Structure formats: C-alpha cells, structure tokens
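J.: This is entry-v2.csv, which holds CSV, C-alpha atoms:
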chain,number,residue,atom,x,y,z
A,1,SER,CA,52.6,130.6,158.8
A,2,VAL,CA,50.9,128.3,156.2
A,3,LEU,CA,53.5,125.6,157.0
A,4,SER,CA,53.0,125.8,160.7
A,5,ARG,CA,49.2,125.8,160.3
A,6,TYR,CA,49.5,122.6,158.1
A,7,GLU,CA,51.8,120.9,160.6
A,8,ASN,CA,49.4,121.8,163.5
A,9,GLN,CA,46.5,120.3,161.5
A,10,ILE,CA,48.5,117.1,161.0
A,11,THR,CA,49.4,117.0,164.8
A,12,ILE,CA,45.7,117.4,165.7
A,13,LEU,CA,44.7,114.6,163.2
A,14,SER,CA,47.4,112.3,164.6
A,15,ASP,CA,46.2,112.8,168.1
A,16,TYR,CA,42.7,111.9,167.1
A,17,LEU,CA,43.9,108.8,165.4
A,18,GLU,CA,45.7,107.4,168.5
A,19,GLU,CA,42.5,105.5,169.2
A,20,PHE,CA,42.8,103.6,166.0
A,21,PRO,CA,44.6,100.3,166.4
A,22,GLU,CA,48.2,99.6,165.2
A,23,THR,CA,47.5,97.0,162.5
A,24,ASP,CA,49.0,95.8,159.2
A,25,GLU,CA,45.4,95.4,157.9
A,26,PRO,CA,44.5,98.1,155.4
A,27,ALA,CA,41.6,100.5,156.0
A,28,TRP,CA,39.4,101.2,153.0
A,29,ILE,CA,37.7,104.5,152.4
A,30,LEU,CA,35.4,104.9,149.3
A,31,GLY,CA,37.6,102.8,147.0
A,32,ARG,CA,40.9,104.0,148.4
A,33,GLN,CA,43.3,101.9,150.5
A,34,HIS,CA,45.1,103.3,153.6
A,35,HIS,CA,47.8,101.8,155.8
A,36,LEU,CA,47.4,103.1,159.3
A,37,ASN,CA,50.8,101.9,160.4
A,38,THR,CA,52.6,104.0,157.9
A,39,ASP,CA,50.4,107.0,157.1
A,40,LYS,CA,47.6,107.7,159.6
A,41,SER,CA,47.4,111.5,158.7
A,42,LYS,CA,46.7,110.8,155.0
A,43,PHE,CA,43.9,108.5,156.1
A,44,LEU,CA,42.2,111.2,158.2
A,45,LEU,CA,42.8,113.9,155.6
A,46,ASP,CA,40.9,111.7,153.1
A,47,ILE,CA,38.0,111.5,155.5
A,48,SER,CA,38.0,115.2,156.4
A,49,ALA,CA,37.6,116.0,152.6
A,50,ARG,CA,34.2,114.4,152.6
A,51,LEU,CA,31.3,116.8,153.0
A,52,TRP,CA,29.8,116.3,156.4
A,53,PHE,CA,26.2,117.2,156.9
A,54,THR,CA,24.7,117.3,160.4
A,55,TYR,CA,21.6,118.4,162.2
A,56,ARG,CA,21.2,122.2,162.0
A,57,ARG,CA,19.1,124.7,163.9
A,58,LYS,CA,17.7,128.2,163.2
A,59,PHE,CA,17.1,127.8,159.5
A,60,SER,CA,13.9,129.2,157.9
A,61,PRO,CA,10.9,127.0,158.8
A,62,ILE,CA,10.2,124.2,156.4
A,63,GLY,CA,7.1,124.9,154.3
A,64,GLY,CA,6.9,128.3,156.0
A,65,THR,CA,5.3,127.0,159.3
A,66,GLY,CA,7.2,123.8,159.8
A,67,PRO,CA,10.3,123.0,161.9
A,68,SER,CA,13.3,125.2,161.9
A,69,SER,CA,15.6,122.4,163.0
A,70,ASP,CA,16.0,118.8,161.9
A,71,ALA,CA,17.5,117.6,165.2
A,72,GLY,CA,16.0,114.2,166.1
A,73,TRP,CA,14.5,113.4,162.8
A,74,GLY,CA,16.7,114.4,159.9
A,75,CYS,CA,19.7,112.1,160.3
A,76,MET,CA,18.9,109.8,157.3
A,77,LEU,CA,18.2,112.9,155.1
A,78,ARG,CA,21.7,114.2,156.1
A,79,CYS,CA,23.2,110.9,155.3
A,80,GLY,CA,21.5,111.0,151.9
A,81,GLN,CA,23.0,114.5,151.3
A,82,MET,CA,26.5,113.2,152.2
A,83,MET,CA,26.2,110.3,149.7
A,84,LEU,CA,25.0,112.6,146.9
A,85,ALA,CA,27.6,115.3,147.8
A,86,GLN,CA,30.3,112.7,147.4
A,87,ALA,CA,28.9,111.9,143.9
A,88,LEU,CA,29.1,115.6,143.0
A,89,ILE,CA,32.6,115.9,144.3
A,90,CYS,CA,33.6,112.9,142.1
A,91,ARG,CA,31.8,114.4,139.2
A,92,HIS,CA,33.3,117.9,139.3
A,93,LEU,CA,36.5,117.7,141.3
A,94,GLY,CA,37.5,114.0,141.2
A,95,ARG,CA,37.9,111.4,143.9
A,96,ASP,CA,41.4,112.5,144.8
A,97,TRP,CA,40.4,116.1,145.5
A,98,GLN,CA,41.3,117.1,149.1
A,99,TRP,CA,40.1,119.8,151.4
A,100,GLU,CA,42.3,121.8,153.6
A,101,LYS,CA,41.2,124.4,156.1
A,102,HIS,CA,41.6,128.0,155.0
A,103,LYS,CA,42.7,126.9,151.5
A,104,LYS,CA,41.0,128.6,148.6
A,105,GLN,CA,38.7,126.1,146.8
A,106,PRO,CA,37.5,126.1,143.2
A,107,GLU,CA,34.2,127.6,142.3
A,108,GLU,CA,32.7,124.1,141.6
A,109,TYR,CA,33.3,123.2,145.3
A,110,HIS,CA,31.3,126.2,146.5
A,111,ARG,CA,28.6,125.5,144.0
A,112,ILE,CA,28.3,121.9,145.2
A,113,LEU,CA,28.1,123.2,148.8
A,114,ARG,CA,25.4,125.7,147.8
A,115,CYS,CA,23.2,122.8,146.6
A,116,PHE,CA,22.9,121.6,150.2
A,117,LEU,CA,22.5,124.7,152.3
A,118,ASP,CA,19.4,124.8,154.6
A,119,ARG,CA,17.4,127.2,152.3
A,120,LYS,CA,14.2,126.4,150.4
A,121,ASP,CA,15.8,127.6,147.2
A,122,CYS,CA,18.7,125.1,147.3
A,123,CYS,CA,18.0,122.0,145.2
A,124,TYR,CA,19.0,119.4,147.8
A,125,SER,CA,18.3,121.3,151.0
A,126,ILE,CA,16.6,119.8,154.0
A,127,HIS,CA,13.6,121.8,153.0
A,128,GLN,CA,13.4,120.2,149.5
A,129,MET,CA,14.0,116.7,150.8
A,130,ALA,CA,11.4,116.9,153.6
A,131,GLN,CA,8.9,118.4,151.2
A,132,MET,CA,9.5,115.8,148.5
A,133,GLY,CA,9.3,113.1,151.2
A,134,VAL,CA,5.6,113.9,151.6
A,135,GLY,CA,5.0,112.3,148.2
A,136,GLU,CA,6.7,109.2,149.6
A,137,GLY,CA,4.3,109.0,152.5
A,138,LYS,CA,6.5,110.8,155.0
A,139,SER,CA,5.2,113.7,157.0
A,140,ILE,CA,7.6,116.6,157.5
A,141,GLY,CA,9.6,115.8,160.7
A,142,GLU,CA,9.2,112.1,160.3
A,143,TRP,CA,12.2,109.8,160.1
A,144,PHE,CA,13.2,108.4,156.6
A,145,GLY,CA,14.5,104.9,155.8
A,146,PRO,CA,17.3,104.3,153.3
A,147,ASN,CA,14.9,103.5,150.4
A,148,THR,CA,12.8,106.6,151.0
A,149,VAL,CA,15.8,109.0,150.9
A,150,ALA,CA,16.9,107.3,147.7
A,151,GLN,CA,13.5,107.9,146.1
A,152,VAL,CA,13.6,111.5,147.2
A,153,LEU,CA,17.1,112.1,145.7
A,154,LYS,CA,15.9,110.5,142.4
A,155,LYS,CA,13.0,112.9,142.2
A,156,LEU,CA,15.0,116.0,143.2
A,157,ALA,CA,17.8,115.2,140.7
A,158,LEU,CA,15.3,115.7,137.8
A,159,PHE,CA,15.2,119.5,138.7
A,160,ASP,CA,19.0,119.8,138.9
A,161,GLU,CA,20.2,120.7,135.4
A,162,TRP,CA,23.7,121.8,136.5
A,163,ASN,CA,24.8,118.4,137.7
A,164,SER,CA,22.6,116.5,135.2
A,165,LEU,CA,22.7,113.2,137.1
A,166,ALA,CA,20.9,110.0,136.2
A,167,VAL,CA,19.7,108.5,139.5
A,168,TYR,CA,18.8,104.8,139.4
A,169,VAL,CA,17.3,103.2,142.5
A,170,SER,CA,17.2,99.4,142.1
A,171,MET,CA,14.0,97.4,142.7
A,172,ASP,CA,13.7,94.0,144.3
A,173,ASN,CA,17.5,93.7,145.0
A,174,THR,CA,18.0,93.7,141.2
A,175,VAL,CA,20.1,96.0,139.0
A,176,VAL,CA,19.2,95.9,135.4
A,177,ILE,CA,22.0,96.9,133.0
A,178,GLU,CA,19.7,97.5,130.1
A,179,ASP,CA,17.5,100.0,132.0
A,180,ILE,CA,20.5,101.9,133.3
A,181,LYS,CA,22.0,102.3,129.8
A,182,LYS,CA,18.7,103.4,128.5
A,183,MET,CA,18.4,106.0,131.2
A,184,CYS,CA,22.0,107.3,131.0
A,185,TRP,CA,21.9,107.5,127.2
A,186,SER,CA,18.4,109.1,127.1
A,187,PRO,CA,18.3,112.4,125.1
A,188,PRO,CA,17.9,115.8,126.8
A,189,GLN,CA,14.6,116.1,128.5
A,190,SER,CA,13.3,119.0,126.3
A,191,SER,CA,11.1,117.5,123.6
A,192,GLY,CA,11.3,118.0,119.9
A,193,ALA,CA,12.0,116.3,116.6
A,194,ALA,CA,15.6,117.4,116.6
A,195,HIS,CA,16.2,115.6,119.9
A,196,SER,CA,14.3,112.5,118.7
A,197,SER,CA,16.4,112.3,115.5
A,198,ALA,CA,19.6,112.9,117.4
A,199,HIS,CA,18.7,110.0,119.8
A,200,LEU,CA,18.0,107.7,116.8
A,201,HIS,CA,21.2,108.8,115.2
A,202,ARG,CA,23.1,108.1,118.5
A,203,SER,CA,21.3,104.7,118.8
A,204,ALA,CA,22.5,103.7,115.3
A,205,LEU,CA,26.1,104.8,115.8
A,206,GLY,CA,26.4,103.8,119.5
A,207,ARG,CA,27.0,107.4,120.8
A,208,ASN,CA,26.8,111.0,119.8
A,209,LYS,CA,29.9,113.1,118.8
A,210,ASN,CA,30.1,116.8,119.0
A,211,PRO,CA,31.9,118.8,116.3
A,212,ALA,CA,35.2,118.5,118.2
A,213,GLY,CA,34.9,114.7,118.0
A,214,PHE,CA,34.4,114.1,121.7
A,215,CYS,CA,31.8,111.5,122.8
A,216,THR,CA,28.8,113.0,124.5
A,217,GLY,CA,25.5,111.9,125.8
A,218,TRP,CA,26.2,109.7,128.8
A,219,LYS,CA,24.7,111.2,131.9
A,220,PRO,CA,26.8,110.5,135.0
A,221,LEU,CA,25.1,107.8,137.0
A,222,LEU,CA,24.2,107.7,140.7
A,223,LEU,CA,23.3,104.1,141.4
A,224,ILE,CA,21.6,103.4,144.8
A,225,ILE,CA,20.8,99.8,145.8
A,226,PRO,CA,18.4,99.5,148.8
A,227,LEU,CA,18.9,96.1,150.5
A,228,ARG,CA,17.6,94.0,153.3
A,229,LEU,CA,20.6,91.9,154.5
A,230,GLY,CA,18.7,89.9,157.1
A,231,ILE,CA,15.6,89.9,159.2
A,232,ASN,CA,16.4,91.4,162.6
A,233,HIS,CA,20.2,91.3,162.3
A,234,ILE,CA,22.6,91.3,159.4
A,235,ASN,CA,23.2,87.8,158.0
A,236,PRO,CA,26.9,87.0,158.3
A,237,VAL,CA,26.9,85.5,154.8
A,238,TYR,CA,26.7,89.0,153.4
A,239,ILE,CA,29.6,90.6,155.3
A,240,ASP,CA,32.4,89.9,152.8
A,241,ALA,CA,30.4,91.1,149.8
A,242,PHE,CA,29.3,94.2,151.8
A,243,LYS,CA,32.9,95.1,152.6
A,244,GLU,CA,33.9,94.4,149.0
A,245,CYS,CA,31.7,97.3,147.9
A,246,PHE,CA,33.8,99.8,149.8
A,247,LYS,CA,36.9,98.7,147.8
A,248,MET,CA,35.3,99.5,144.4
A,249,PRO,CA,36.6,102.8,142.8
A,250,GLN,CA,32.9,103.7,142.1
A,251,SER,CA,32.0,103.4,145.8
A,252,LEU,CA,29.9,106.1,147.5
A,253,GLY,CA,29.6,104.1,150.7
A,254,ALA,CA,26.3,103.1,152.3
A,255,LEU,CA,23.3,104.5,154.1
A,256,GLY,CA,22.2,102.7,157.2
A,257,GLY,CA,22.8,102.4,160.9
A,258,LYS,CA,20.5,101.3,163.7
A,259,PRO,CA,16.7,101.8,164.0
A,260,ASN,CA,15.9,105.5,163.8
A,261,ASN,CA,19.6,106.3,164.0
A,262,ALA,CA,21.2,106.8,160.6
A,263,TYR,CA,24.9,106.9,159.7
A,264,TYR,CA,26.9,107.4,156.5
A,265,PHE,CA,29.3,104.5,156.1
A,266,ILE,CA,32.4,105.3,154.1
A,267,GLY,CA,34.7,102.4,154.7
A,268,PHE,CA,35.9,99.6,157.0
A,269,LEU,CA,38.8,98.4,159.0
A,270,GLY,CA,38.8,94.7,159.7
A,271,ASN,CA,35.3,93.8,161.0
A,272,GLU,CA,34.5,97.4,161.9
A,273,LEU,CA,32.7,99.9,159.7
A,274,ILE,CA,33.9,103.5,159.5
A,275,TYR,CA,31.2,106.2,159.4
A,276,LEU,CA,30.4,109.8,159.5
A,277,ASP,CA,27.8,110.7,162.2
A,278,PRO,CA,25.2,113.4,161.5
A,279,HIS,CA,24.0,113.5,165.1
A,280,THR,CA,25.6,116.8,166.0
A,281,THR,CA,23.4,120.0,166.0
A,282,GLN,CA,25.1,123.0,164.5
A,283,SER,CA,23.8,126.5,163.7
A,284,PHE,CA,22.5,127.3,160.2
A,285,VAL,CA,25.2,128.6,157.9
A,286,ASP,CA,24.2,130.9,155.0
A,287,LEU,CA,25.9,132.2,151.9
A,288,GLU,CA,28.6,134.9,152.3
A,289,GLU,CA,28.1,138.1,150.3
A,290,ASN,CA,30.6,136.9,147.6
A,291,GLY,CA,28.6,133.7,147.1
A,292,THR,CA,31.1,131.4,149.0
A,293,VAL,CA,30.3,129.5,152.1
A,294,ASP,CA,32.1,129.4,155.5
A,295,ASP,CA,32.7,125.7,155.1
A,296,GLU,CA,34.6,124.7,158.2
A,297,SER,CA,31.5,123.1,159.9
A,298,PHE,CA,30.9,121.0,156.8
A,299,HIS,CA,34.0,118.9,157.2
A,300,CYS,CA,34.5,116.4,160.1
A,301,GLN,CA,38.0,117.2,161.5
A,302,GLN,CA,38.2,114.4,164.1
A,303,ALA,CA,38.6,110.7,164.1
A,304,PRO,CA,35.7,109.0,162.4
A,305,HIS,CA,33.4,106.7,164.3
A,306,ARG,CA,33.5,102.9,164.1
A,307,MET,CA,31.0,100.2,164.6
A,308,LYS,CA,31.1,96.4,164.5
A,309,ILE,CA,29.6,95.3,161.3
A,310,MET,CA,27.4,92.7,163.0
A,311,ASN,CA,25.7,95.6,164.9
A,312,LEU,CA,24.5,97.1,161.6
A,313,ASP,CA,20.7,97.2,161.0
A,314,PRO,CA,20.0,94.9,158.0
A,315,SER,CA,18.2,97.7,156.1
A,316,VAL,CA,20.9,99.6,154.1
A,317,ALA,CA,21.4,101.3,150.8
A,318,LEU,CA,24.6,101.0,148.8
A,319,GLY,CA,25.8,103.9,146.6
A,320,PHE,CA,28.0,104.0,143.5
A,321,PHE,CA,29.0,106.7,141.0
A,322,CYS,CA,29.9,106.1,137.4
A,323,LYS,CA,30.9,109.3,135.6
A,324,GLU,CA,31.4,107.5,132.2
A,325,GLU,CA,29.9,104.5,130.6
A,326,CYS,CA,33.3,102.7,131.0
A,327,ASP,CA,33.0,103.2,134.8
A,328,PHE,CA,29.7,101.5,134.8
A,329,ASP,CA,31.0,98.6,132.7
A,330,ASN,CA,33.9,98.2,135.0
A,331,TRP,CA,31.5,98.2,138.0
A,332,CYS,CA,29.5,95.4,136.4
A,333,SER,CA,32.7,93.4,135.9
A,334,LEU,CA,33.7,93.9,139.5
A,335,VAL,CA,30.3,92.9,140.8
A,336,GLN,CA,30.4,89.7,138.7
A,337,LYS,CA,33.9,88.9,140.0
A,338,GLU,CA,33.7,90.0,143.6
A,339,ILE,CA,30.1,90.1,144.7
A,340,LEU,CA,28.4,87.3,142.8
A,341,LYS,CA,31.2,84.8,142.9
A,342,GLN,CA,30.6,81.5,144.8
A,343,GLN,CA,27.9,83.1,147.0
A,344,SER,CA,25.0,80.9,147.9
A,345,LEU,CA,23.0,83.8,149.1
A,346,ARG,CA,23.5,86.8,146.9
A,347,MET,CA,23.4,90.4,148.3
A,348,PHE,CA,21.8,91.6,145.0
A,349,GLU,CA,21.3,90.5,141.4
A,350,LEU,CA,22.9,92.0,138.3
A,351,VAL,CA,20.9,91.1,135.1
A,352,GLN,CA,21.4,92.2,131.5
A,353,LYS,CA,17.8,92.4,130.4
A,354,HIS,CA,14.7,94.0,131.9
A,355,PRO,CA,12.7,91.2,133.6
A,356,PRO,CA,9.7,90.4,131.3
A,357,HIS,CA,7.2,90.2,134.3
A,358,TRP,CA,8.1,93.7,135.4
A,359,PRO,CA,6.3,96.8,134.2
A,360,PRO,CA,8.1,98.5,131.2
A,361,PHE,CA,11.0,100.7,132.2
A,362,VAL,CA,10.5,104.4,131.5
A,363,PRO,CA,13.4,106.7,132.4
A,364,PRO,CA,12.2,109.3,134.9
A,365,ALA,CA,11.5,112.7,133.4
A,366,LYS,CA,11.0,116.1,134.9
A,367,PRO,CA,7.3,117.1,135.2
A,368,GLU,CA,6.0,119.4,132.6
A,369,VAL,CA,5.8,122.3,135.1
A,370,THR,CA,9.2,123.9,134.8
A,371,THR,CA,10.1,124.8,138.4
A,372,THR,CA,13.3,124.8,140.4
A,373,GLY,CA,14.2,125.8,143.9
A,374,ALA,CA,11.6,127.7,145.9
A,375,GLU,CA,9.2,127.4,143.0
A,376,LEU,CA,9.4,123.6,143.2
A,377,ILE,CA,8.4,123.8,146.9
A,378,GLU,CA,5.5,126.2,146.1
A,379,SER,CA,4.3,123.9,143.3
A,380,THR,CA,4.5,120.8,145.6
A,381,ASP,CA,2.6,122.7,148.2
A,382,LYS,CA,-0.1,123.5,145.7
A,383,LEU,CA,-0.1,119.8,144.6
A,384,PHE,CA,-0.6,118.7,148.2
A,385,GLU,CA,-3.4,121.3,148.7
A,386,LEU,CA,-5.2,120.0,145.6
A,387,GLU,CA,-4.8,116.4,146.9
A,388,GLU,CA,-6.4,117.5,150.2
A,389,GLU,CA,-9.2,119.3,148.5
A,390,PHE,CA,-9.8,116.2,146.3
A,391,GLU,CA,-9.9,114.0,149.4
A,392,ILE,CA,-12.4,116.3,151.1
A,393,LEU,CA,-14.6,116.3,148.0
A,394,SER,CA,-14.4,112.5,147.7
A,395,VAL,CA,-15.6,112.2,151.3
Take the structure I supplied and represent it as structure tokens, if you would.
T.:
Amino acid sequence: SVLSRYENQITILSDYLEEFPETDEPAWILGRQHHLNTDKSKFLLDISARLWFTYRRKFSPIGGTGPSSDAGWGCMLRCGQMMLAQALICRHLGRDWQWEKHKKQPEEYHRILRCFLDRKDCCYSIHQMAQMGVGEGKSIGEWFGPNTVAQVLKKLALFDEWNSLAVYVSMDNTVVIEDIKKMCWSPPQSSGAAHSSAHLHRSALGRNKNPAGFCTGWKPLLLIIPLRLGINHINPVYIDAFKECFKMPQSLGALGGKPNNAYYFIGFLGNELIYLDPHTTQSFVDLEENGTVDDESFHCQQAPHRMKIMNLDPSVALGFFCKEECDFDNWCSLVQKEILKQQSLRMFELVQKHPPHWPPFVPPAKPEVTTTGAELIESTDKLFELEEEFEILSV
C-alpha cells in the first residue's frame, strides 16, 4: 500500500507538470539543478518539500480584538515565513531533506512547523509578525513590503533561543562582511564577565573550542538583502545576476511580486521565475494532542506558478542561509565571481569594512525584558499603550 501510494503521488505530480515545457534548459530551485526532460517528478518533490504558508481564517483575533484572518493583507508576511522556514529546514534537517505525505517526520520538523502556527504564543506566527510590524509603522491588517518583513523577522529572531539565528538585513544595497562576522561571532546574549572573557579569548584564538575540541560560537546566519532593481520596472541589466542568486547553495530565494501582491520566489526556468503563491485561504490548523501538526496543508502539492522575470516589481529582498562561517565565506566568493563580475550596474555591493560615514555597527540584542511568545505580545501591547499615553500627554 505504501508503494502504490507513492506511485500515485508521482502520477499526480507528473500530471501537474505537463504544463511545464519540454526543454534541455535546467530549472534551478534554491541552489539545486533539475532537468525536466529526464526527471520532472524529482523536481516537483523538491518543491513540495518547502513549507508553504498561505492566508488562513478562523484563528484567534490578533491582539485580542483584531482580525481573525489575514486574507487580503498578509501575503508578504506569509512569504517572509516561507523564507525563514526554509532557513530553519536547512539548519536542522539539511537542504536535501524531503517531505512525503503520511511519512513520519523527525521531531525537529514538527518543532519548526510549530514556530509558524497561527497562535499568539508561536514565535513567528502571523500574530507576532503583525504586532511587531506596528513598531515598523505598519498597522495590523496593513500590507508589508519586503524590507518591512525583513526588519520584523530580525526583531523576532532575538526572542528565538532554540534556532539561535543571526539575522542581518543589509542597508543601502551594501553587505558588510566585517559587521556580519562581528554579529555571528558575538557571545551569548546573557551578560557577565565570564562571557566577556570568553569572547576575548575567542577573539584572540579565532574561535572557541568546547572540551570535545569542536569549534563553537558561530551563529547560523540568515542574510536578507532588500533591493530596488529599477524605478517602475525591473532593469534588464540586473536579470542575469538575479537569476545567479538562485543557483547558490546558500539560496533562500526572494521575496517580491507585484504591487500589493507578494510571492515567494524559489527558482527559475529560462526567463521565468518559479514561485509559491500564498493567495489561497485555508482554515486555521492547530496542534494535535501529541504535539504534532497535521501538515498536509503546509506543502504545495501542485505545479508551482511561473512568472516572466520582466513582470517582477523592482522592490525585492534576496535571502541566503549560512550555517557555518565557511558557508558565508563561500557565499562571498560566489558573489565576487558571479554577481559583481563585469557588471556596470551592480545589484548590490559587498565590502570588507564598515563604511566610516555610517553609524557604528552594534549587533542587535534582545531587550532587557525577558519575554517570549504570548508574553512578548503582551509586552509590546503595553509598550504601544505607553507610547499612546505619552503622545496624549505631549499634546
């Protein structure tokens, strides 16, 4: 029965893929190359393994009295969730992990999925993202752009001790190697002389070693690069470099789409981008009693959507994941070789040192108030209440 179910799944996938052209040109999905003329099913199985987040309805109201569905406004937040989820999959399960319907998955998988459930006590839920967006000037229920969702993820990651990610969002189209290394090698966020001396010791030796002799200390890096690749339309000069990013083994794809219509771009075929679309409204899914999640609605089991690259809105955000320092060093080499080579108009800059005219770089740190989950939302609610009171007093 297992074999027939698997064969049936492959048949369904193949049927969906009939609309894809017969071509010798490879398709690229998040750093992996696929040949459609020889193995279409493997191509779609790779896509269906990505966590797919869509609009949901009937979840608990955001902030207690806010919307109970994100249909119509939450698409960029869902795309941000998909990019971050891909980073967590790579961190805990590896890029080559695959999902199969009805197959038992490791506990790490369910723990990753729990981070994104539509509950106020889940660290990357629609509730947390919408609430944190208020600090970025976005009202709950208002549409986010790629840069705003990147800033929200950077802030929420500070409260996520399990995944322990360093989230770097580039400024002014510039990635600063020195700042990233400083952030990823920063000591644990709890203060104390022991940590300070350990950091100094690590700085002197290059890295920490635990008693077993393994190197420790580098926090896995989620690198997000918000870009403007044109004024009203994408400038064709950027297209080759943009496509090259999907070939990198560190690729997490891109956030973007059309005005007020966000998609999660995961690859390309020729001059068409391949993307996951969050614009499907599904019912809220909660935890099972045993702590697992009925995950079938979190994986897209049909042919992915495609869009001509020239139809892309020029406002995008690229994502990359570097689990180890060597992954980041490799990414820097690839950027120098493939992105910055012979390009009159560069998509972004990669510099070694912090620009002297910029404010000093301070790695982001969790606020002194130790809150997570629902407590984080309550504390931000109180913060907004205080801000409103202050504004009233000022008037």
J.: Can you build me a table of segment 213-327 of chain A residues sitting at most 10 Å from segment 167-175 of chain A, with the closest atom pair per residue and its distance in Å to one decimal, using all atoms listed in the file, sorted by chain and residue number, as a Markdown table?
T.:
| residue | atom | partner | partner_atom | distance |
| --- | --- | --- | --- | --- |
| A:Lys219 | CA | A:Val167 | CA | 9.5 |
| A:Pro220 | CA | A:Val167 | CA | 8.6 |
| A:Leu221 | CA | A:Val167 | CA | 6.0 |
| A:Leu222 | CA | A:Val167 | CA | 4.7 |
| A:Leu223 | CA | A:Tyr168 | CA | 5.0 |
| A:Ile224 | CA | A:Val169 | CA | 4.9 |
| A:Ile225 | CA | A:Ser170 | CA | 5.2 |
| A:Pro226 | CA | A:Ser170 | CA | 6.8 |
| A:Leu227 | CA | A:Asn173 | CA | 6.2 |
| A:Arg228 | CA | A:Asn173 | CA | 8.3 |
| A:Ala317 | CA | A:Val169 | CA | 9.5 |
| A:Leu318 | CA | A:Val169 | CA | 9.9 |
| A:Gly319 | CA | A:Val169 | CA | 9.5 |
| A:Phe321 | CA | A:Val167 | CA | 9.6 |
J.: Just C-alpha atoms for this one: save the residues we selected as a short mmCIF file (atom, residue, chain, number, x, y, z; two decimals), in the frame of the given file.
T.:
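Just written: again.cif:
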data_model
loop_
_atom_site.label_atom_id
_atom_site.label_comp_id
_atom_site.auth_asym_id
_atom_site.auth_seq_id
_atom_site.Cartn_x
_atom_site.Cartn_y
_atom_site.Cartn_z
CA LYS A 219 24.70 111.20 131.90
CA PRO A 220 26.80 110.50 135.00
CA LEU A 221 25.10 107.80 137.00
CA LEU A 222 24.20 107.70 140.70
CA LEU A 223 23.30 104.10 141.40
CA ILE A 224 21.60 103.40 144.80
CA ILE A 225 20.80 99.80 145.80
CA PRO A 226 18.40 99.50 148.80
CA LEU A 227 18.90 96.10 150.50
CA ARG A 228 17.60 94.00 153.30
CA ALA A 317 21.40 101.30 150.80
CA LEU A 318 24.60 101.00 148.80
CA GLY A 319 25.80 103.90 146.60
CA PHE A 321 29.00 106.70 141.00
#
J.: Between A:His279, A:Lys182, A:Arg119, A:His35, single out the one closest to Cys79 of chain A, counting all atoms listed in the file.
T.: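 Of all the options, A:His279 lies closest to Cys79 of chain A.
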J.: May I ask for the distance between atom CA of Pro236 of chain A and atom CA of Phe265 of chain A, given in Å to one decimal place?
T.: 17.8 Å
J.: May I ask which of the residues A:Ile126, A:Met307, A:Ala166, A:Ala85 is the closest one to Pro67 of chain A, counting all atoms listed in the file?
T.: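 Checking each candidate against Pro67 of chain A, we get A:Ile126 as the closest.
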J.: Find, counting all atoms listed in the file, the residue in A:Gly74, A:Gly94, A:Pro363, A:Pro106 that gets nearest to Trp143 of chain A.
T.: A:Gly74
J.: In Å, how far is it from atom CA of Leu77 of chain A to atom CA of Cys322 of chain A?
T.: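 Taking atom CA of Leu77 of chain A and atom CA of Cys322 of chain A, their separation equals 22.3 Å.
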J.: Please measure the separation of atom CA of His354 of chain A and atom CA of Val176 of chain A, giving the value in Å to one decimal.
T.: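 These two atoms are separated by 6.0 Å.
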J.: Have a look at A:Val237, A:Ala71, A:Val316, A:Leu273 and name the one nearest to Lys58 of chain A; count only C-alpha atoms.
T.: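 Going through A:Val237, A:Ala71, A:Val316, A:Leu273 one by one, the smallest distance to Lys58 of chain A is for A:Ala71.
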J.: Between A:Ile177, A:Ala241, A:Ala303, A:Ala254, which residue has the minimum interatomic distance to Lys353 of chain A, considering all atoms listed in the file?
T.: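 Nearest candidate to Lys353 of chain A out of A:Ile177, A:Ala241, A:Ala303, A:Ala254: A:Ile177.
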J.: Could you name the residues that touch Val152 of chain A at 10 Å or less, counting all atoms listed in the file, but leaving out those on the same chain fewer than 3 positions away, as a list in words?
T.: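 In the requested format, the answer is Leu77, Gly80, Tyr124, Gln128, Met129, Ala130, Gln131, Met132, Gly133, Val134, Gly135, Glu136, Phe144, Asn147, Thr148, Val149, Lys155, Leu156 and Ala157 of chain A.
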